Every structure is written in structure tokens, then in C-alpha cells.
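What follows is target_10.cif (mmCIF, C-alpha atoms).
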data_my_file
loop_
_atom_site.label_atom_id
_atom_site.label_comp_id
_atom_site.auth_asym_id
_atom_site.auth_seq_id
_atom_site.Cartn_x
_atom_site.Cartn_y
_atom_site.Cartn_z
CA MET Q 191 204.62 -156.36 112.50
CA THR Q 192 206.26 -158.32 115.27
CA GLY Q 193 205.55 -161.33 117.47
CA GLN Q 194 202.04 -162.42 116.64
CA SER Q 195 200.94 -161.65 113.10
CA ASN Q 196 198.00 -159.54 114.29
CA THR Q 197 200.03 -157.07 116.38
CA GLN Q 198 201.43 -153.78 115.12
CA LEU Q 199 204.84 -152.44 116.13
CA LEU Q 200 204.79 -148.86 117.43
CA ARG Q 201 207.91 -146.88 118.17
CA GLY Q 202 208.69 -144.31 120.80
CA TRP Q 203 210.94 -143.65 123.73
CA LYS Q 204 211.06 -143.70 127.52
CA LYS Q 205 212.73 -141.50 130.11
CA HIS Q 206 213.02 -143.09 133.52
CA SER Q 207 212.11 -141.25 136.70
CA LEU Q 208 214.96 -139.43 138.43
CA LEU Q 209 213.12 -138.43 141.59
CA PRO Q 210 210.93 -140.17 144.22
CA GLY Q 211 207.29 -139.29 144.88
CA GLY Q 212 205.29 -140.84 142.04
CA LEU Q 213 202.29 -143.01 142.93
CA ASP Q 214 203.62 -146.49 142.16
CA ASP Q 215 200.25 -148.07 141.36
CA CYS Q 216 199.08 -145.29 139.00
CA SER Q 217 199.50 -144.68 135.27
CA LEU Q 218 198.37 -141.59 133.33
CA ILE Q 219 197.50 -141.81 129.63
CA VAL Q 220 197.21 -138.66 127.53
CA ALA Q 221 196.19 -138.80 123.87
CA THR Q 222 197.45 -135.68 122.09
CA PHE Q 223 196.98 -134.21 118.64
CA LYS Q 224 198.52 -130.99 117.29
CA ARG Q 225 198.86 -129.37 120.72
CA PRO Q 226 202.59 -129.14 121.56
CA GLY Q 227 202.15 -126.12 123.82
CA GLU Q 228 199.30 -127.66 125.79
CA ILE Q 229 201.04 -131.01 126.34
CA VAL Q 230 204.17 -129.25 127.62
CA GLN Q 231 202.00 -127.20 129.98
CA LEU Q 232 200.39 -130.41 131.26
CA LEU Q 233 203.81 -132.02 131.84
CA THR Q 234 204.97 -128.95 133.73
CA SER Q 235 201.89 -129.12 135.95
CA LEU Q 236 202.63 -132.78 136.72
CA VAL Q 237 206.19 -132.15 137.93
CA ASN Q 238 204.83 -129.42 140.20
CA LEU Q 239 202.50 -131.87 141.97
CA SER Q 240 203.60 -133.64 145.14
CA HIS Q 241 202.43 -137.05 143.95
CA PRO Q 242 201.78 -137.57 140.23
CA PRO Q 243 201.31 -141.04 138.74
CA ALA Q 244 204.61 -142.94 138.58
CA GLU Q 245 204.01 -143.65 134.87
CA VAL Q 246 202.94 -141.04 132.30
CA ILE Q 247 202.25 -142.22 128.75
CA LEU Q 248 201.82 -139.74 125.91
CA VAL Q 249 200.29 -141.16 122.71
CA ASP Q 250 200.79 -138.70 119.86
CA GLY Q 251 198.70 -138.83 116.69
CA THR Q 252 200.12 -135.60 115.24
CA PRO Q 253 201.51 -135.81 111.71
CA GLY Q 254 205.16 -134.75 111.63
CA GLU Q 255 207.49 -134.21 114.58
CA GLU Q 256 206.44 -130.85 116.05
CA THR Q 257 204.75 -132.28 119.14
CA GLU Q 258 207.41 -134.91 119.78
CA SER Q 259 210.21 -132.33 119.46
CA ALA Q 260 208.51 -130.10 122.04
CA ILE Q 261 208.15 -133.04 124.45
CA VAL Q 262 211.77 -134.19 123.95
CA THR Q 263 213.04 -130.66 124.58
CA TRP Q 264 210.99 -130.47 127.77
CA ALA Q 265 212.04 -133.93 128.97
CA ARG Q 266 215.76 -133.28 128.51
CA VAL Q 267 215.78 -130.31 130.86
CA ASN Q 268 213.09 -131.25 133.41
CA PRO Q 269 213.76 -133.97 135.99
CA ALA Q 270 210.49 -135.71 136.89
CA ASN Q 271 209.26 -138.11 139.55
CA PHE Q 272 207.53 -140.28 136.96
CA ASP Q 273 208.58 -142.47 134.05
CA LEU Q 274 207.74 -140.61 130.84
CA VAL Q 275 206.79 -142.72 127.81
CA PHE Q 276 206.20 -141.31 124.33
CA ILE Q 277 204.49 -143.38 121.61
CA LYS Q 278 203.83 -142.34 118.03
CA ALA Q 279 200.49 -143.75 116.83
CA SER Q 280 197.79 -143.26 114.22
CA ALA Q 281 195.46 -140.37 115.01
CA GLY Q 282 192.10 -141.08 116.64
CA LEU Q 283 191.14 -140.49 120.27
CA THR Q 284 189.83 -143.96 121.07
CA ARG Q 285 192.67 -145.63 119.15
CA GLN Q 286 195.28 -143.57 120.98
CA ARG Q 287 193.72 -144.27 124.38
CA ASN Q 288 193.59 -148.00 123.68
CA THR Q 289 197.24 -147.86 122.61
CA GLY Q 290 198.09 -146.26 125.94
CA ILE Q 291 196.18 -148.95 127.83
CA GLU Q 292 198.35 -151.66 126.27
CA ALA Q 293 201.53 -149.73 127.02
CA SER Q 294 200.63 -148.96 130.65
CA THR Q 295 201.61 -151.22 133.53
CA ARG Q 296 199.99 -149.93 136.73
CA GLU Q 297 196.84 -150.91 138.61
CA ILE Q 298 194.94 -147.61 138.34
CA VAL Q 299 194.85 -146.04 134.87
CA PHE Q 300 194.09 -142.32 134.59
CA PHE Q 301 193.06 -140.44 131.45
CA LEU Q 302 193.36 -136.70 130.97
CA ASP Q 303 192.82 -134.57 127.87
CA ASP Q 304 195.93 -132.77 126.69
CA ASP Q 305 194.36 -129.39 127.51
CA CYS Q 306 193.70 -130.30 131.16
CA ILE Q 307 195.66 -129.19 134.23
CA PRO Q 308 195.27 -131.38 137.35
CA GLN Q 309 195.36 -129.55 140.67
CA GLU Q 310 197.26 -130.57 143.81
CA GLY Q 311 195.76 -133.74 145.31
CA TYR Q 312 193.89 -134.75 142.14
CA PHE Q 313 195.46 -138.18 141.74
CA GLU Q 314 195.50 -138.98 145.47
CA ALA Q 315 191.77 -138.19 145.81
CA ILE Q 316 190.78 -140.51 142.97
CA ARG Q 317 193.19 -143.19 144.18
CA MET Q 318 191.55 -143.01 147.61
CA ALA Q 319 188.12 -143.54 146.00
CA PHE Q 320 189.41 -146.85 144.59
CA ARG Q 321 191.00 -147.83 147.91
CA GLY Q 322 188.35 -146.77 150.39
CA GLU Q 323 186.13 -149.00 152.49
CA GLY Q 324 183.47 -150.74 150.39
CA ALA Q 325 185.15 -149.71 147.14
CA ALA Q 326 185.86 -153.22 145.81
CA ARG Q 327 183.21 -152.85 143.08
CA VAL Q 328 184.23 -149.34 142.08
CA GLY Q 329 185.42 -149.73 138.50
CA ALA Q 330 185.91 -146.10 137.47
CA VAL Q 331 186.12 -142.65 139.05
CA SER Q 332 185.91 -139.20 137.47
CA GLY Q 333 187.39 -135.94 138.62
CA ALA Q 334 185.64 -132.57 139.10
CA VAL Q 335 186.30 -130.02 136.35
CA VAL Q 336 186.39 -126.99 138.62
CA ASN Q 337 186.29 -124.31 135.91
CA GLU Q 338 183.07 -125.80 134.54
CA ILE Q 339 181.22 -126.95 137.65
CA GLY Q 340 178.59 -124.71 139.21
CA LYS Q 341 177.66 -122.88 136.02
CA PRO Q 342 174.15 -121.41 135.64
CA ILE Q 343 171.71 -123.33 133.50
CA SER Q 344 171.77 -122.17 129.90
CA VAL Q 345 168.71 -121.10 127.91
CA ARG Q 346 169.26 -124.08 125.61
CA VAL Q 347 169.16 -126.60 128.48
CA ARG Q 348 166.34 -124.75 130.24
CA MET Q 349 164.19 -125.05 127.11
CA ARG Q 350 164.97 -128.76 126.77
CA LEU Q 351 163.78 -129.28 130.35
CA LEU Q 352 160.70 -127.15 129.81
CA LEU Q 353 159.78 -129.12 126.69
CA GLY Q 354 160.33 -132.43 128.50
CA LEU Q 355 163.16 -133.45 126.15
CA ILE Q 356 165.26 -134.17 129.24
CA PRO Q 357 162.81 -136.06 131.47
CA GLY Q 358 164.53 -135.41 134.82
CA GLU Q 359 166.86 -133.11 136.72
CA GLU Q 360 169.30 -135.59 138.26
CA ILE Q 361 172.81 -134.54 137.29
CA GLY Q 362 174.99 -137.43 136.17
CA LYS Q 363 172.05 -139.67 135.21
CA TYR Q 364 171.64 -141.06 131.69
CA TYR Q 365 167.97 -141.15 130.71
CA PRO Q 366 166.37 -143.62 128.24
CA THR Q 367 165.83 -140.66 125.91
CA ALA Q 368 169.63 -140.67 125.36
CA THR Q 369 169.82 -137.33 127.16
CA SER Q 370 171.40 -136.08 130.35
CA LEU Q 371 172.00 -132.81 132.14
CA PRO Q 372 175.45 -131.21 131.77
CA LEU Q 373 177.73 -132.08 134.68
CA SER Q 374 178.60 -128.37 134.83
CA LEU Q 375 175.23 -127.71 136.51
CA ALA Q 376 176.33 -129.49 139.68
CA ARG Q 377 177.44 -127.46 142.68
CA PRO Q 378 180.93 -128.02 144.15
CA PHE Q 379 180.95 -130.92 146.60
CA SER Q 380 183.30 -133.01 148.72
CA GLY Q 381 183.57 -136.79 148.80
CA THR Q 382 182.15 -139.08 146.14
CA ARG Q 383 178.74 -139.64 144.60
CA PRO Q 384 177.45 -142.26 142.13
CA THR Q 385 177.17 -141.31 138.47
CA ASP Q 386 176.22 -142.85 135.13
CA ILE Q 387 178.58 -140.62 133.15
CA LEU Q 388 182.34 -140.17 133.25
CA PRO Q 389 183.70 -137.04 131.52
CA GLY Q 390 186.32 -138.18 129.03
CA CYS Q 391 188.65 -135.31 129.88
CA ALA Q 392 189.25 -136.54 133.45
CA MET Q 393 188.59 -140.16 134.45
CA ALA Q 394 190.32 -143.26 135.79
CA PHE Q 395 189.70 -147.05 135.64
CA ARG Q 396 190.84 -150.16 137.45
CA ARG Q 397 193.18 -152.29 135.37
CA GLU Q 398 190.74 -155.18 135.83
CA VAL Q 399 188.03 -153.17 134.02
CA LEU Q 400 190.29 -152.36 131.07
CA GLN Q 401 191.27 -155.98 130.65
CA LYS Q 402 187.69 -156.62 129.48
CA HIS Q 403 186.59 -153.24 128.12
CA ARG Q 404 188.36 -150.87 125.74
CA PHE Q 405 187.23 -147.62 124.19
CA SER Q 406 184.95 -148.38 121.28
CA ALA Q 407 186.54 -148.01 117.84
CA PHE Q 408 183.08 -147.03 116.56
CA PHE Q 409 183.99 -143.52 117.74
CA ASP Q 410 186.77 -142.90 115.25
CA GLY Q 411 188.64 -139.67 114.69
CA TYR Q 412 187.85 -136.78 117.05
CA SER Q 413 185.09 -138.79 118.76
CA GLN Q 414 182.05 -137.56 120.64
CA GLY Q 415 180.22 -139.68 123.17
CA GLU Q 416 182.98 -142.28 123.56
CA ASP Q 417 183.20 -141.43 127.27
CA LEU Q 418 179.44 -141.93 127.74
CA GLU Q 419 179.49 -145.23 125.84
CA ILE Q 420 182.29 -146.78 127.89
CA SER Q 421 180.68 -145.46 131.10
CA LEU Q 422 177.42 -147.25 130.32
CA ARG Q 423 179.18 -150.42 129.11
CA VAL Q 424 181.36 -150.74 132.22
CA ALA Q 425 178.40 -150.19 134.55
CA ARG Q 426 175.67 -152.13 132.75
CA HIS Q 427 177.61 -154.94 131.12
CA GLY Q 428 180.45 -155.16 133.63
CA GLY Q 429 178.46 -154.56 136.81
CA TRP Q 430 180.93 -151.98 138.14
CA LYS Q 431 180.10 -148.88 140.19
CA LEU Q 432 181.05 -145.47 138.80
CA LEU Q 433 181.88 -142.59 141.13
CA TRP Q 434 182.34 -138.85 140.75
CA CYS Q 435 185.00 -137.45 143.11
CA GLY Q 436 184.37 -133.87 144.19
CA ASP Q 437 187.81 -133.51 145.78
CA ALA Q 438 189.76 -134.37 142.60
CA HIS Q 439 190.06 -130.94 141.01
CA VAL Q 440 191.14 -130.41 137.41
CA VAL Q 441 190.99 -127.43 135.04
CA HIS Q 442 189.93 -128.06 131.43
CA ASN Q 443 191.01 -125.26 129.12
CA HIS Q 444 189.06 -126.37 126.00
CA VAL Q 445 191.63 -125.45 123.39
CA PRO Q 446 189.83 -125.06 120.03
CA GLY Q 447 192.59 -126.65 117.92
CA GLY Q 448 192.11 -130.23 116.73
CA ARG Q 449 188.30 -130.11 116.88
CA PRO Q 450 186.05 -131.12 113.95
CA ALA Q 451 184.48 -128.88 111.32
CA PRO Q 452 180.80 -127.94 111.91
CA PHE Q 453 179.33 -130.40 109.37
CA ALA Q 454 181.30 -133.34 110.81
CA LYS Q 455 180.40 -132.24 114.34
CA GLY Q 456 176.67 -132.04 113.58
CA ARG Q 457 176.61 -135.40 111.81
CA MET Q 458 178.61 -136.99 114.61
CA GLU Q 459 176.34 -135.60 117.34
CA VAL Q 460 173.31 -137.35 115.87
CA ARG Q 461 174.83 -140.64 114.69
CA ASN Q 462 176.80 -141.18 117.88
CA ARG Q 463 173.84 -140.38 120.11
CA HIS Q 464 171.64 -142.67 118.01
CA PHE Q 465 174.22 -145.46 118.27
CA ILE Q 466 174.36 -145.15 122.08
CA MET Q 467 170.57 -144.97 122.36
CA ARG Q 468 170.09 -148.15 120.32
CA ARG Q 469 172.71 -149.95 122.42
CA TYR Q 470 171.67 -148.80 125.91
CA SER Q 471 168.04 -147.71 125.55
CA ALA Q 472 166.80 -150.58 123.41
CA ALA Q 473 163.90 -151.17 125.79
CA ALA Q 474 162.79 -147.53 125.73
CA GLY Q 475 159.12 -146.98 124.91
CA ILE Q 476 157.63 -144.92 122.13
CA VAL Q 477 157.48 -141.81 124.33
CA ASP Q 478 161.21 -141.85 125.12
CA LYS Q 479 162.15 -142.61 121.51
CA SER Q 480 159.92 -139.76 120.36
CA ARG Q 481 161.63 -137.45 122.85
CA PHE Q 482 164.99 -138.42 121.37
CA TRP Q 483 163.99 -137.39 117.86
CA LEU Q 484 162.22 -134.26 119.08
CA ASP Q 485 165.46 -133.31 120.80
CA ILE Q 486 167.29 -133.67 117.48
CA VAL Q 487 164.65 -131.41 115.89
CA TYR Q 488 165.28 -128.93 118.70
CA VAL Q 489 169.06 -128.95 118.05
CA PHE Q 490 168.40 -128.37 114.34
CA SER Q 491 165.94 -125.55 115.09
CA TYR Q 492 168.38 -123.97 117.54
CA ASP Q 493 170.92 -123.72 114.73
CA LEU Q 494 168.37 -122.07 112.44
CA ILE Q 495 167.48 -119.50 115.11
CA SER Q 496 171.17 -118.89 115.86
CA MET Q 497 171.82 -118.17 112.18
CA VAL Q 498 169.59 -115.11 112.56
CA ALA Q 499 170.48 -114.18 116.13
CA HIS Q 500 174.26 -114.43 115.60
CA PRO Q 501 174.96 -113.35 112.01
CA LYS Q 502 178.73 -113.43 112.52
CA ARG Q 503 178.44 -117.20 113.00
CA PHE Q 504 175.79 -117.66 110.32
CA ILE Q 505 177.93 -119.97 108.17
CA TRP Q 506 179.03 -122.12 111.12
CA HIS Q 507 175.44 -122.69 112.32
CA ALA Q 508 174.19 -123.31 108.77
CA ILE Q 509 176.82 -125.96 108.09
CA HIS Q 510 176.29 -127.53 111.53
CA ALA Q 511 172.52 -127.67 110.92
CA PHE Q 512 173.13 -129.44 107.62
CA GLY Q 513 175.37 -131.93 109.44
CA VAL Q 514 172.60 -132.58 112.01
CA LEU Q 515 170.10 -133.10 109.19
CA TRP Q 516 172.42 -135.43 107.30
CA GLY Q 517 173.21 -137.39 110.46
CA SER Q 518 169.48 -137.80 111.19
CA VAL Q 519 168.62 -139.05 107.71
CA SER Q 520 171.57 -141.43 107.59
CA SER Q 521 170.73 -142.82 111.05
CA VAL Q 522 167.16 -143.60 109.98
CA ILE Q 523 168.13 -145.09 106.62
CA GLY Q 524 171.18 -146.97 107.86
CA PRO Q 525 171.49 -147.16 111.66
CA PRO Q 526 175.21 -147.46 112.47
CA PRO Q 527 175.98 -151.10 113.41
CA TYR Q 528 179.08 -152.05 115.37
CA GLN Q 529 180.19 -155.17 117.23
CA GLU Q 530 182.83 -154.65 119.90
CA PRO Q 531 185.86 -156.88 119.24
CA PRO Q 532 187.46 -158.78 122.10
CA PRO Q 533 190.11 -156.71 123.95
CA ASP Q 534 193.01 -158.65 122.40
CA ARG Q 535 196.46 -157.15 122.28
CA GLN Q 536 196.94 -155.08 119.12
CA TYR Q 537 200.35 -153.47 119.64
CA GLU Q 538 203.96 -154.16 120.53
CA PHE Q 539 206.27 -151.33 121.52
CA ASP Q 540 209.85 -150.53 120.60
CA LEU Q 541 210.88 -147.85 123.11
CA GLN Q 542 214.34 -146.33 122.97
CA SER Q 543 215.83 -144.77 126.06
CA LEU Q 544 215.89 -141.00 126.19
CA ASP Q 545 218.26 -141.20 129.18
CA VAL Q 546 221.18 -142.45 127.08
CA GLY Q 547 220.56 -140.23 124.07
CA GLY Q 548 218.66 -142.80 122.02
CA VAL Q 549 216.32 -140.09 120.74
CA GLN Q 550 217.78 -137.11 118.89
#

Please go through the file and, once you have read it, give me the structure as C-alpha cells.
Amino acid sequence: MTGQSNTQLLRGWKKHSLLPGGLDDCSLIVATFKRPGEIVQLLTSLVNLSHPPAEVILVDGTPGEETESAIVTWARVNPANFDLVFIKASAGLTRQRNTGIEASTREIVFFLDDDCIPQEGYFEAIRMAFRGEGAARVGAVSGAVVNEIGKPISVRVRMRLLLGLIPGEEIGKYYPTATSLPLSLARPFSGTRPTDILPGCAMAFRREVLQKHRFSAFFDGYSQGEDLEISLRVARHGGWKLLWCGDAHVVHNHVPGGRPAPFAKGRMEVRNRHFIMRRYSAAAGIVDKSRFWLDIVYVFSYDLISMVAHPKRFIWHAIHAFGVLWGSVSSVIGPPPYQEPPPDRQYEFDLQSLDVGGVQ
């Protein structure tokens, strides 16, 4: 502990920029967990960009030193046009992102998953969306995940539409049924368009927004739905506009490592969706609430059918179905309560200098 009694001291290091070209008003925060190869690949992609953020903060929740060692090795031999900050923190996506927010110093704060690769012009395009004419109320902007966008509609989603479980076909809209269409169904586009949903793998916020809103600690551990929750909170409680930038291209490689087991995933899918529905669809009528629970029944039934249709994944679908069932029962018996704490400072940082050999 240091300073105030309610702050925690976190240690790490910093390597100062050796080259010009970083965007001075931009920070990038990356929460990483057990992915040393992917985080090094992301860093390499950043130094190959003309204009990356001038501040890159890596918050590592990996037990042990494997990830940090890989980053130190990379940093010692690669000159970069951004300050590189490494912080060791407790694991948990929302916790790590909030740690990065407190450590960052710039006006526009970007978030990327550690298995993402931004393409040339990504940061400039989103920065322009914050700076353009009439953009004063734009609080957050998402990028376009180009290896996912434009995909054909799946049988699973097609059936949900046919059954009325998703009540509309507007991509990027959050419906009172706590459902939405996958952003991957959108066609490639240029410019910006309004959205209700920011994909957690590629998004950015104004500093002013993050001074009042942090990622909810309700979504502990791996998290699922934390990006949707903060999207809705910033727009509905903060009054900010959210935009989707079609010119900010990023590739998301979806590395399987670090993801939850099927039971935890199934339970999380239901409880997290139920939590968001109760918070942001409280005024929904009986029809929309019935659609929500029918959609959960559909997810459960889909697992049962998949157990037969895909016998090689029988165990995975069986365990996932049990997680969905358990999450449903627990949500009905004990709906998950959570009160967002004020965005007070939680951390202080002791950062050694990598430039002078402070980190071995």
C-alpha cells in the first residue's frame, strides 16, 4: 500500500520512446494473459505502423514471468515510436483494463485484445472520429474487425430471427430482449455509423468518459458481456454518442488460449446476459422478457442437438449445456446484484526504467 490507505501499489517498468511519430494524444491499453507470442506479435505490428499511439500500456495478469520476459526481450532490441509501459497486475479482464486506465495519461484511450493486429491507419481513423465536425458528444468509437465483418448469417442466428427471439435486423442495435445481431453480419463500409455496441477487442474512449465510467467489476475473470455493459452505460447513463468506424481496420485472431471451460462459459453467458437485461431492459414488457428466456432455452436446445450432430464435441456441448442450465436456475433463484462503485483511484505505480537497465 502507498499514499492513501485504499490504493494498491503495482510494479512494472517503462521504456521511453526513441523515435518520433506516435500520436501524442493517444494511449493504448492491452490486457494480456498467458499469450507471450501474441503480445509480441501485437507490439511488432505497432512499430510497423506510421502513427501508433504515443503511449502503449501492457497490463499482464499471467502468473509467473514468461510473458514479461518475452516483452522485455522484445523491448530491448526494438526501438519504438511510443512509450512502452509494463504493469504486473491480478488477472481479470475488467480489472486489468481499469488498471491501465489509471496508468494512462492521454486524451484518447484505445483498447485492443492481445490477439488483435491493427492495420495501417487504424488509430488515425478512430482519432479523426473523435475530432471531426459535430463530434463533441462522441464518447466512444469502435474499429472494424475486417476478418469477421461481412460473414454470411449462420443457421443458429437465422433460426433465432425466424423464431422472433431477435426482434429486429438492425446490426449494432441492442434490443430489450437482451439480444442483438452479430456485428460480423455487417457489410464493409467507409465513414462512421451510430451503434449501441462496442466490441471489446477494438474500441476507444474519451478520457472524460473514463473519468466517470470504468469497466464493471461484476464481470470478473475472463468476462463476457463487459463490452456491451459499458457501451450501454456510457450511452444511456452518460448521454454520449457511440460510433462504429468502418475505416479503422483490425484483425482479430481469436487465440483459444486463456478462454474459460465450457461449464463456466455456459453459466457466464446466462448470468451476464440476465444481469445486463435487468439493468438496461428493466422496462421491457412480458413479451420481451419471455423472448429472453425462450432464447436461453434455444441455446440449451442447440447444445443438445449439437451433442448428437457433432459427436467429437459431445462432452464439450454437454458440459456447456449444464452450465447454461445452472446459470438459468441460479439467475432465477438469486438474480446477480451489483452496485457500481465510484471511479476512485485504486492503484499507484512503481515503474522502473528499462532504458537504464532497471529491469533484468

Reference answer for the PyMOL selection byres ((chain Q and resi 262-274) around 7), as a PyMOL selection string
chain Q and resi 204-212+230+237+243-247+258-261+275-276

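Distance check against Leu515 of chain Q using all atoms listed in the file: of Q:Arg457, Q:Lys402, Q:Arg377, Q:His241, the minimum falls on Q:Arg457.
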
Which residue gives the smallest distance to Thr382 of chain Q among Q:Arg348, Q:Lys431, Q:Arg481, Q:Arg426, with all atoms listed in the file counted?
Q:Lys431

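Picture a line from atom CA of Gln542 of chain Q to atom CA of Ser280 of chain Q; it runs 19.0 Å.
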
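Near (175.8, -121.0, 116.0), the residues inside the 8 Å limit, counting only C-alpha atoms, come to Asp493, Ser496, Met497, His500, Arg503, Phe504, Trp506, His507, Ala508 and His510 of chain Q.
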
Neighbouring residues of segment 389-401 of chain Q were defined as those with any atom within 9 Å, considering all atoms listed in the file; residues of the same chain fewer than 6 positions away were excluded. Please report them as a PyMOL selection string.
chain Q and resi 218+291+295-306+308+316-317+320+328-335+373+415-418+421+424+428+430+434+440+442+533-534

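Minimum atom-to-atom distances from Q:Gln414, Q:Thr369, Q:Ser471, Q:Asn443 to Met458 of chain Q were compared using all atoms listed in the file, and the lowest value belongs to Q:Gln414.
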
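Using only C-alpha atoms, the shortest contact distance between Pro532 of chain Q and any of Q:Ser406, Q:Thr197, Q:Ser217, Q:Ser491 is found at Q:Ser406.
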
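Remark: for His439 of chain Q, the closest of the candidate residues Q:Ile387, Q:Ile307, Q:Ala293, Q:Ala281 is Q:Ile307 (distances computed over only C-alpha atoms).
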
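With only C-alpha atoms as the atoms that count, the residue of Q:Tyr365, Q:Phe409, Q:Phe490, Q:Tyr312 with the shortest distance to Asp437 of chain Q is Q:Tyr312.
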
Report, in Å with one decimal, the straight-line distance from atom CA of Arg321 of chain Q to atom CA of Thr289 of chain Q.
26.1 Å

Residues at most 7 Å from Ala376 of chain Q, counting only C-alpha atoms, excluding those fewer than 3 positions away in the same chain, as a PyMOL selection string?
chain Q and resi 339-340+361+373

From atom CA of Met467 of chain Q to atom CA of Tyr528 of chain Q the spacing works out at 13.1 Å

Which residues come within 9 Å of Ala474 of chain Q, counting only C-alpha atoms, excluding same-chain residues fewer than 4 positions away, as a ChimeraX atom specification?
/Q:366-367,467,470,478-479

Listed atoms of segment 197-200 of chain Q boxed axis-aligned with 8 Å per side, centre + edges as AutoDock Vina command-line options:
--center_x 202.4 --center_y -153.0 --center_z 116.3 --size_x 20.8 --size_y 24.2 --size_z 18.3

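Using only C-alpha atoms, every residue with an atom at most 10 Å from the point (174.9, -147.6, 114.1) is listed here: Phe408, Arg461, Asn462, Arg463, His464, Phe465, Ile466, Met467, Arg468, Arg469, Ser520, Ser521, Val522, Gly524, Pro525, Pro526, Pro527, Tyr528 and Gln529 of chain Q.
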
Output segment 434-457 of chain Q as an mmCIF file, in the frame of the given file, making sure N, CA and C atoms are there.
data_model
loop_
_atom_site.group_PDB
_atom_site.id
_atom_site.type_symbol
_atom_site.label_atom_id
_atom_site.label_comp_id
_atom_site.auth_asym_id
_atom_site.auth_seq_id
_atom_site.Cartn_x
_atom_site.Cartn_y
_atom_site.Cartn_z
ATOM 1 N N TRP Q 434 181.902 -140.205 141.083
ATOM 2 C CA TRP Q 434 182.340 -138.850 140.750
ATOM 3 C C TRP Q 434 182.974 -138.281 142.009
ATOM 4 N N CYS Q 435 184.252 -137.893 141.932
ATOM 5 C CA CYS Q 435 185.000 -137.450 143.110
ATOM 6 C C CYS Q 435 185.068 -135.929 143.134
ATOM 7 N N GLY Q 436 184.415 -135.330 144.102
ATOM 8 C CA GLY Q 436 184.370 -133.870 144.190
ATOM 9 C C GLY Q 436 185.647 -133.239 144.686
ATOM 10 N N ASP Q 437 186.557 -134.038 145.255
ATOM 11 C CA ASP Q 437 187.810 -133.510 145.780
ATOM 12 C C ASP Q 437 188.958 -133.608 144.794
ATOM 13 N N ALA Q 438 188.728 -134.233 143.638
ATOM 14 C CA ALA Q 438 189.760 -134.370 142.600
ATOM 15 C C ALA Q 438 189.575 -133.242 141.597
ATOM 16 N N HIS Q 439 190.276 -132.151 141.796
ATOM 17 C CA HIS Q 439 190.060 -130.940 141.010
ATOM 18 C C HIS Q 439 190.981 -130.902 139.789
ATOM 19 N N VAL Q 440 190.389 -130.548 138.650
ATOM 20 C CA VAL Q 440 191.140 -130.410 137.410
ATOM 21 C C VAL Q 440 190.561 -129.242 136.627
ATOM 22 N N VAL Q 441 191.419 -128.528 135.907
ATOM 23 C CA VAL Q 441 190.990 -127.430 135.040
ATOM 24 C C VAL Q 441 191.061 -127.902 133.602
ATOM 25 N N HIS Q 442 189.975 -127.691 132.848
ATOM 26 C CA HIS Q 442 189.930 -128.060 131.430
ATOM 27 C C HIS Q 442 189.861 -126.773 130.618
ATOM 28 N N ASN Q 443 190.890 -126.540 129.812
ATOM 29 C CA ASN Q 443 191.010 -125.260 129.120
ATOM 30 C C ASN Q 443 190.325 -125.207 127.758
ATOM 31 N N HIS Q 444 189.832 -126.317 127.255
ATOM 32 C CA HIS Q 444 189.060 -126.370 126.000
ATOM 33 C C HIS Q 444 189.737 -125.607 124.872
ATOM 34 N N VAL Q 445 190.923 -126.054 124.509
ATOM 35 C CA VAL Q 445 191.630 -125.450 123.390
ATOM 36 C C VAL Q 445 190.890 -125.781 122.105
ATOM 37 N N PRO Q 446 190.627 -124.801 121.229
ATOM 38 C CA PRO Q 446 189.830 -125.060 120.030
ATOM 39 C C PRO Q 446 190.541 -125.912 118.986
ATOM 40 N N GLY Q 447 191.867 -125.913 118.955
ATOM 41 C CA GLY Q 447 192.590 -126.650 117.920
ATOM 42 C C GLY Q 447 192.330 -128.143 117.986
ATOM 43 N N GLY Q 448 192.287 -128.785 116.807
ATOM 44 C CA GLY Q 448 192.110 -130.230 116.730
ATOM 45 C C GLY Q 448 190.666 -130.682 116.811
ATOM 46 N N ARG Q 449 189.715 -129.738 116.800
ATOM 47 C CA ARG Q 449 188.300 -130.110 116.880
ATOM 48 C C ARG Q 449 187.695 -130.169 115.475
ATOM 49 N N PRO Q 450 186.578 -130.882 115.308
ATOM 50 C CA PRO Q 450 186.050 -131.120 113.950
ATOM 51 C C PRO Q 450 185.354 -129.900 113.367
ATOM 52 N N ALA Q 451 185.223 -129.918 112.042
ATOM 53 C CA ALA Q 451 184.480 -128.880 111.320
ATOM 54 C C ALA Q 451 182.994 -129.013 111.655
ATOM 55 N N PRO Q 452 182.204 -127.930 111.458
ATOM 56 C CA PRO Q 452 180.800 -127.940 111.910
ATOM 57 C C PRO Q 452 179.950 -129.035 111.277
ATOM 58 N N PHE Q 453 180.136 -129.345 109.985
ATOM 59 C CA PHE Q 453 179.330 -130.400 109.370
ATOM 60 C C PHE Q 453 179.631 -131.746 110.028
ATOM 61 N N ALA Q 454 180.909 -132.075 110.184
ATOM 62 C CA ALA Q 454 181.300 -133.340 110.810
ATOM 63 C C ALA Q 454 180.800 -133.407 112.246
ATOM 64 N N LYS Q 455 180.857 -132.284 112.952
ATOM 65 C CA LYS Q 455 180.400 -132.240 114.340
ATOM 66 C C LYS Q 455 178.898 -132.502 114.418
ATOM 67 N N GLY Q 456 178.112 -131.840 113.563
ATOM 68 C CA GLY Q 456 176.670 -132.040 113.580
ATOM 69 C C GLY Q 456 176.274 -133.471 113.243
ATOM 70 N N ARG Q 457 176.891 -134.014 112.198
ATOM 71 C CA ARG Q 457 176.610 -135.400 111.810
ATOM 72 C C ARG Q 457 176.971 -136.361 112.939
#
